[in-house]
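Okay, structure first, notes after.
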Amino acid sequence: MELLKKIDSKQAKLGVIGLGYVGLPLAVEFARAGFSVIGYDVDAGKVAQLMAGRSYIPDVPTEHLAEVVKSGRFTATTDPTKLSEADILDICVPTPLRKTKDPDMTYVVQAVDAIAAILRKGQLIILESTTYPGTTVEVVQPALAAKGFKPGVDFYLAFSPERVDPGNPHYQTKNIPKVVGGINQASTDAAVKFYEQVMDTVVPVSSPGVAEMVKLLENTFRAVNIGLVNELAMMCHRMSLDV
Ligand SMILES: NC(=O)c1ccc[n+]([C@@H]2O[C@H](COP(=O)([O-])OP(=O)(O)OC[C@H]3O[C@@H](n4cnc5c(N)ncnc54)[C@H](O)[C@@H]3O)[C@@H](O)[C@H]2O)c1
């Protein structure tokens, strides 16, 4: 596969959609590893700050950002057509809950539409936004296939959950094991090869649904533990014990 060769030789260009807590560290990590990275965000204020070499994300030191902006390996833009240059497109946009607690997919749909407009053969699309199991195959894949491209053949598609734990001094983008599930073997292989360039450990799974469920389990596990410790803390407080 042409893309694997391009990734191996660091000739592959990365496009990151959404330059927040998840997208910016990813973009800067790959730029520091020698890849050419285009960051696309709808927020012109953020793009201007980044191009001035200033980081607004605590986990991204300003000197790291400034270095990759200066070297030209990282460019931020509000122009989605610039994404056409990218071989790999990584979606890192928000997925908040609506008042009704349903996931708001507006930003993911907008990002996928921006990609569909510039889609060409051989590109790898990865969804990293936290979402419900089924999203990659039910929402992203049909929107891209509607362009007449054959999923898994004309373009590769995978889900890989971002598992960043902001502020954690021990675990950051590079050493958090990266779970990857593609829509077919070629998609998984391409996404694994891509993340291996920067991440210490990459864990392929059998489908995007499995990768989506991994993230749901992890978030649920965290929520249950936070709830448990909060309950214990209240009990300890009443008993004058230091939790
Ligand atoms: N922050 C975390 O700790 C964390 C951890 C794991 C997973 N996640 C998940 O990762 C995803 C991104 O979260 P985040 O914390 O980075 O959000 P964020 O709000 O920090 O950043 C998202 C960025 O996307 C931009 N954006 C919105 N719509 C866009 C569009 N259509 N095209 C281009 N850019 C667009 C916004 O302007 C913003 O800069 C969410 O699904 C979130 O649940 C977050």
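The way I read the labels, and the way they are meant: chains A, B, ... in the order of the structure tokens, residue 1 as the first residue of every chain, and ligand 1 as the first ligand shown, with later ones counted on from there.
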- Env. residues ligand 1 / 10 Å / only C-alpha atoms and all ligand atoms / as a ChimeraX atom specification: /A:16-26,39-47,56-57,77-80,91-97,103-115,127-131,161-167,215,219
- Message: What parts of segment 2-243 of chain A does DSSP call helix (DSSP H, G or I)? I'd like the answer as JSON, numbers by chain.
- Response: {"A": [2, 3, 4, 5, 6, 7, 8, 23, 24, 25, 26, 27, 28, 29, 30, 31, 32, 44, 45, 46, 47, 48, 49, 50, 51, 62, 63, 64, 65, 66, 67, 68, 69, 70, 80, 81, 82, 83, 84, 85, 106, 107, 108, 109, 110, 111, 112, 113, 114, 115, 116, 135, 136, 137, 138, 139, 140, 141, 142, 143, 144, 145, 173, 174, 175, 185, 186, 187, 188, 189, 190, 191, 192, 193, 194, 195, 196, 208, 209, 210, 211, 212, 213, 214, 215, 216, 217, 218, 219, 220, 221, 222, 223, 224, 225, 226, 227, 228, 229, 230, 231, 232, 233, 234, 235, 236, 237, 238]}
Hey, what's within 9 Å of Val68 of chain A if we count only C-alpha atoms and toss same-chain stuff fewer than 6 positions away? As a compact mmCIF listing (two decimals) with all heavy atoms, in the first residue's frame, please?
```
# COMPACT_ATOMS: atom_id res chain seq x y z
N VAL A 28 1.05 18.43 17.38
CA VAL A 28 2.41 18.86 17.74
C VAL A 28 3.33 17.65 17.89
O VAL A 28 4.49 17.68 17.47
CB VAL A 28 2.38 19.76 19.00
CG1 VAL A 28 3.77 20.04 19.53
CG2 VAL A 28 1.65 21.07 18.69
N ALA A 31 4.26 16.54 14.43
CA ALA A 31 5.16 17.53 13.80
C ALA A 31 6.56 17.39 14.38
O ALA A 31 7.57 17.44 13.67
CB ALA A 31 4.61 18.93 14.00
N ARG A 32 6.63 17.17 15.70
CA ARG A 32 7.94 17.00 16.35
C ARG A 32 8.63 15.72 15.89
O ARG A 32 9.85 15.62 15.90
CB ARG A 32 7.77 16.99 17.87
CG ARG A 32 7.66 18.41 18.45
CD ARG A 32 7.16 18.40 19.86
NE ARG A 32 7.92 17.61 20.80
CZ ARG A 32 9.04 17.99 21.41
NH1 ARG A 32 9.54 19.18 21.18
NH2 ARG A 32 9.65 17.20 22.26
N GLY A 53 2.71 31.04 17.52
CA GLY A 53 3.57 30.17 18.31
C GLY A 53 3.18 30.09 19.78
O GLY A 53 3.98 29.69 20.62
N PHE A 74 4.33 22.56 11.20
CA PHE A 74 2.94 22.68 11.63
C PHE A 74 2.36 24.01 11.16
O PHE A 74 2.95 25.07 11.38
CB PHE A 74 2.83 22.60 13.16
CG PHE A 74 1.42 22.86 13.66
CD1 PHE A 74 0.42 21.93 13.47
CD2 PHE A 74 1.11 24.06 14.29
CE1 PHE A 74 -0.88 22.19 13.91
CE2 PHE A 74 -0.18 24.32 14.73
CZ PHE A 74 -1.18 23.38 14.54
N THR A 75 1.22 23.92 10.48
CA THR A 75 0.50 25.13 10.05
C THR A 75 -0.94 25.00 10.51
O THR A 75 -1.55 23.94 10.33
CB THR A 75 0.44 25.22 8.50
OG1 THR A 75 1.64 24.71 7.97
CG2 THR A 75 0.23 26.63 8.04
```
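Proximity ranking of A:Leu65, A:Met234, A:Val210, A:Val205 relative to Leu50 of chain A places A:Leu65 first, based on only C-alpha atoms.
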- Task: Would you please give, as a list in words, all residues of segment 167-209 of chain A that DSSP assigns to strand (DSSP E) based on the backbone?
- Result: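 Reading the DSSP output for segment 167-209 of chain A, strand (DSSP E) covers Lys178, Val179, Val180, Gly181, Gly182, Val202, Val203 and Pro204 of chain A.
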- Message: Show me, as JSON, numbers by chain, the residues that have an atom within 10 Å of segment 175-190 of chain A when counting only C-alpha atoms, minus same-chain residues fewer than 6 positions from it.
- Response: {"A": [1, 3, 4, 5, 7, 88, 123, 124, 125, 126, 128, 136, 137, 141, 151, 152, 153, 155, 156, 157, 158, 159, 160, 161, 162, 163, 164, 165, 196, 198, 199, 200, 201, 202, 203, 204, 205, 206, 207, 208, 209, 210, 211, 212, 214, 215]}
Selected residues written out with N, CA and C atoms, as a short mmCIF file (atom, residue, chain, number, x, y, z; two decimals), in the first residue's frame:
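Dumped to out-v1.cif:
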```
data_model
loop_
_atom_site.label_atom_id
_atom_site.label_comp_id
_atom_site.auth_asym_id
_atom_site.auth_seq_id
_atom_site.Cartn_x
_atom_site.Cartn_y
_atom_site.Cartn_z
N MET A 1 0.85 -1.20 0.00
CA MET A 1 0.00 0.00 0.00
C MET A 1 0.89 1.26 0.00
N LEU A 3 0.27 4.24 0.93
CA LEU A 3 0.20 5.05 2.16
C LEU A 3 1.18 4.54 3.22
N LEU A 4 1.32 3.22 3.35
CA LEU A 4 2.23 2.66 4.36
C LEU A 4 3.66 3.13 4.09
N LYS A 5 4.04 3.14 2.82
CA LYS A 5 5.40 3.59 2.44
C LYS A 5 5.57 5.06 2.80
N ILE A 7 4.01 6.71 5.09
CA ILE A 7 4.07 6.89 6.55
C ILE A 7 5.48 6.51 7.04
N ILE A 88 -3.53 11.68 5.75
CA ILE A 88 -4.21 11.12 6.92
C ILE A 88 -5.02 12.25 7.55
N GLN A 123 -6.63 8.04 0.96
CA GLN A 123 -6.54 8.74 2.25
C GLN A 123 -7.01 7.85 3.40
N LEU A 124 -6.44 8.10 4.57
CA LEU A 124 -6.85 7.40 5.80
C LEU A 124 -7.59 8.41 6.69
N ILE A 125 -8.80 8.06 7.09
CA ILE A 125 -9.60 8.92 7.96
C ILE A 125 -9.71 8.24 9.33
N ILE A 126 -9.41 8.98 10.38
CA ILE A 126 -9.51 8.41 11.72
C ILE A 126 -10.40 9.32 12.58
N GLU A 128 -11.31 10.31 16.33
CA GLU A 128 -10.78 10.19 17.71
C GLU A 128 -11.76 10.71 18.74
N THR A 136 -18.67 5.26 13.81
CA THR A 136 -17.75 5.24 12.67
C THR A 136 -18.41 4.59 11.45
N VAL A 137 -19.05 3.46 11.69
CA VAL A 137 -19.64 2.71 10.57
C VAL A 137 -21.00 3.29 10.16
N GLN A 141 -18.74 6.51 7.83
CA GLN A 141 -18.53 5.72 6.60
C GLN A 141 -19.53 6.06 5.49
N PRO A 151 -15.42 2.20 0.63
CA PRO A 151 -14.80 2.22 1.95
C PRO A 151 -13.82 1.04 2.13
N GLY A 152 -12.65 1.32 2.66
CA GLY A 152 -11.67 0.26 2.93
C GLY A 152 -10.81 -0.05 1.72
N VAL A 153 -11.22 0.45 0.55
CA VAL A 153 -10.47 0.20 -0.69
C VAL A 153 -9.98 1.53 -1.26
N PHE A 155 -10.66 4.50 0.25
CA PHE A 155 -10.17 5.23 1.43
C PHE A 155 -10.19 4.28 2.62
N TYR A 156 -9.35 4.57 3.61
CA TYR A 156 -9.27 3.72 4.80
C TYR A 156 -9.93 4.48 5.94
N LEU A 157 -10.55 3.74 6.86
CA LEU A 157 -11.29 4.39 7.94
C LEU A 157 -11.13 3.61 9.24
N ALA A 158 -10.87 4.35 10.33
CA ALA A 158 -10.68 3.69 11.63
C ALA A 158 -11.19 4.59 12.75
N PHE A 159 -11.47 3.95 13.89
CA PHE A 159 -11.75 4.71 15.11
C PHE A 159 -10.61 4.43 16.08
N SER A 160 -10.13 5.49 16.72
CA SER A 160 -9.09 5.32 17.74
C SER A 160 -9.37 6.33 18.84
N PRO A 161 -9.85 5.86 19.99
CA PRO A 161 -10.27 6.80 21.02
C PRO A 161 -9.09 7.56 21.61
N GLU A 162 -9.29 8.85 21.84
CA GLU A 162 -8.32 9.63 22.58
C GLU A 162 -8.53 9.31 24.06
N ARG A 163 -7.45 8.96 24.75
CA ARG A 163 -7.59 8.55 26.15
C ARG A 163 -6.79 9.48 27.05
N VAL A 164 -6.55 10.69 26.54
CA VAL A 164 -5.73 11.65 27.29
C VAL A 164 -6.34 11.94 28.66
N ASP A 165 -5.48 12.14 29.63
CA ASP A 165 -5.89 12.41 31.01
C ASP A 165 -5.23 13.75 31.37
N GLU A 196 2.12 4.20 15.31
CA GLU A 196 3.40 3.65 15.75
C GLU A 196 4.56 4.63 15.57
N VAL A 198 4.67 7.54 16.56
CA VAL A 198 4.77 8.45 17.71
C VAL A 198 4.45 7.76 19.04
N MET A 199 3.48 6.85 19.05
CA MET A 199 3.04 6.24 20.31
C MET A 199 3.92 5.04 20.65
N ASP A 200 4.17 4.85 21.96
CA ASP A 200 5.00 3.73 22.41
C ASP A 200 4.29 2.40 22.18
N THR A 201 2.97 2.34 22.44
CA THR A 201 2.23 1.08 22.33
C THR A 201 0.95 1.30 21.54
N VAL A 202 0.75 0.50 20.50
CA VAL A 202 -0.49 0.58 19.71
C VAL A 202 -1.18 -0.78 19.81
N VAL A 203 -2.49 -0.76 20.12
CA VAL A 203 -3.24 -2.00 20.36
C VAL A 203 -4.35 -2.13 19.31
N PRO A 204 -4.11 -2.95 18.26
CA PRO A 204 -5.18 -3.12 17.26
C PRO A 204 -6.31 -3.97 17.81
N VAL A 205 -7.55 -3.61 17.49
CA VAL A 205 -8.71 -4.42 17.85
C VAL A 205 -9.48 -4.75 16.57
N SER A 206 -10.51 -5.61 16.70
CA SER A 206 -11.09 -6.21 15.51
C SER A 206 -12.04 -5.32 14.70
N SER A 207 -12.51 -4.21 15.27
CA SER A 207 -13.45 -3.36 14.52
C SER A 207 -13.53 -1.98 15.16
N PRO A 208 -14.09 -0.99 14.45
CA PRO A 208 -14.29 0.32 15.07
C PRO A 208 -15.22 0.23 16.28
N GLY A 209 -16.23 -0.67 16.20
CA GLY A 209 -17.17 -0.82 17.32
C GLY A 209 -16.46 -1.25 18.60
N VAL A 210 -15.49 -2.14 18.48
CA VAL A 210 -14.74 -2.59 19.66
C VAL A 210 -13.96 -1.40 20.25
N ALA A 211 -13.31 -0.63 19.40
CA ALA A 211 -12.54 0.52 19.87
C ALA A 211 -13.46 1.56 20.53
N GLU A 212 -14.65 1.73 19.95
CA GLU A 212 -15.62 2.68 20.53
C GLU A 212 -16.10 2.18 21.90
N VAL A 214 -14.41 0.25 23.95
CA VAL A 214 -13.28 0.38 24.89
C VAL A 214 -13.35 1.74 25.58
N LYS A 215 -13.60 2.77 24.78
CA LYS A 215 -13.65 4.13 25.32
C LYS A 215 -14.85 4.31 26.24
#
```
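Here atom CA of Val37 of chain A and atom CA of Arg73 of chain A stand 5.9 Å from one another.
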- Task: Find, counting only C-alpha atoms, the residue in A:Ala52, A:Ile226, A:Val60, A:Leu217 that gets nearest to Ala27 of chain A.
- Result: A:Val60
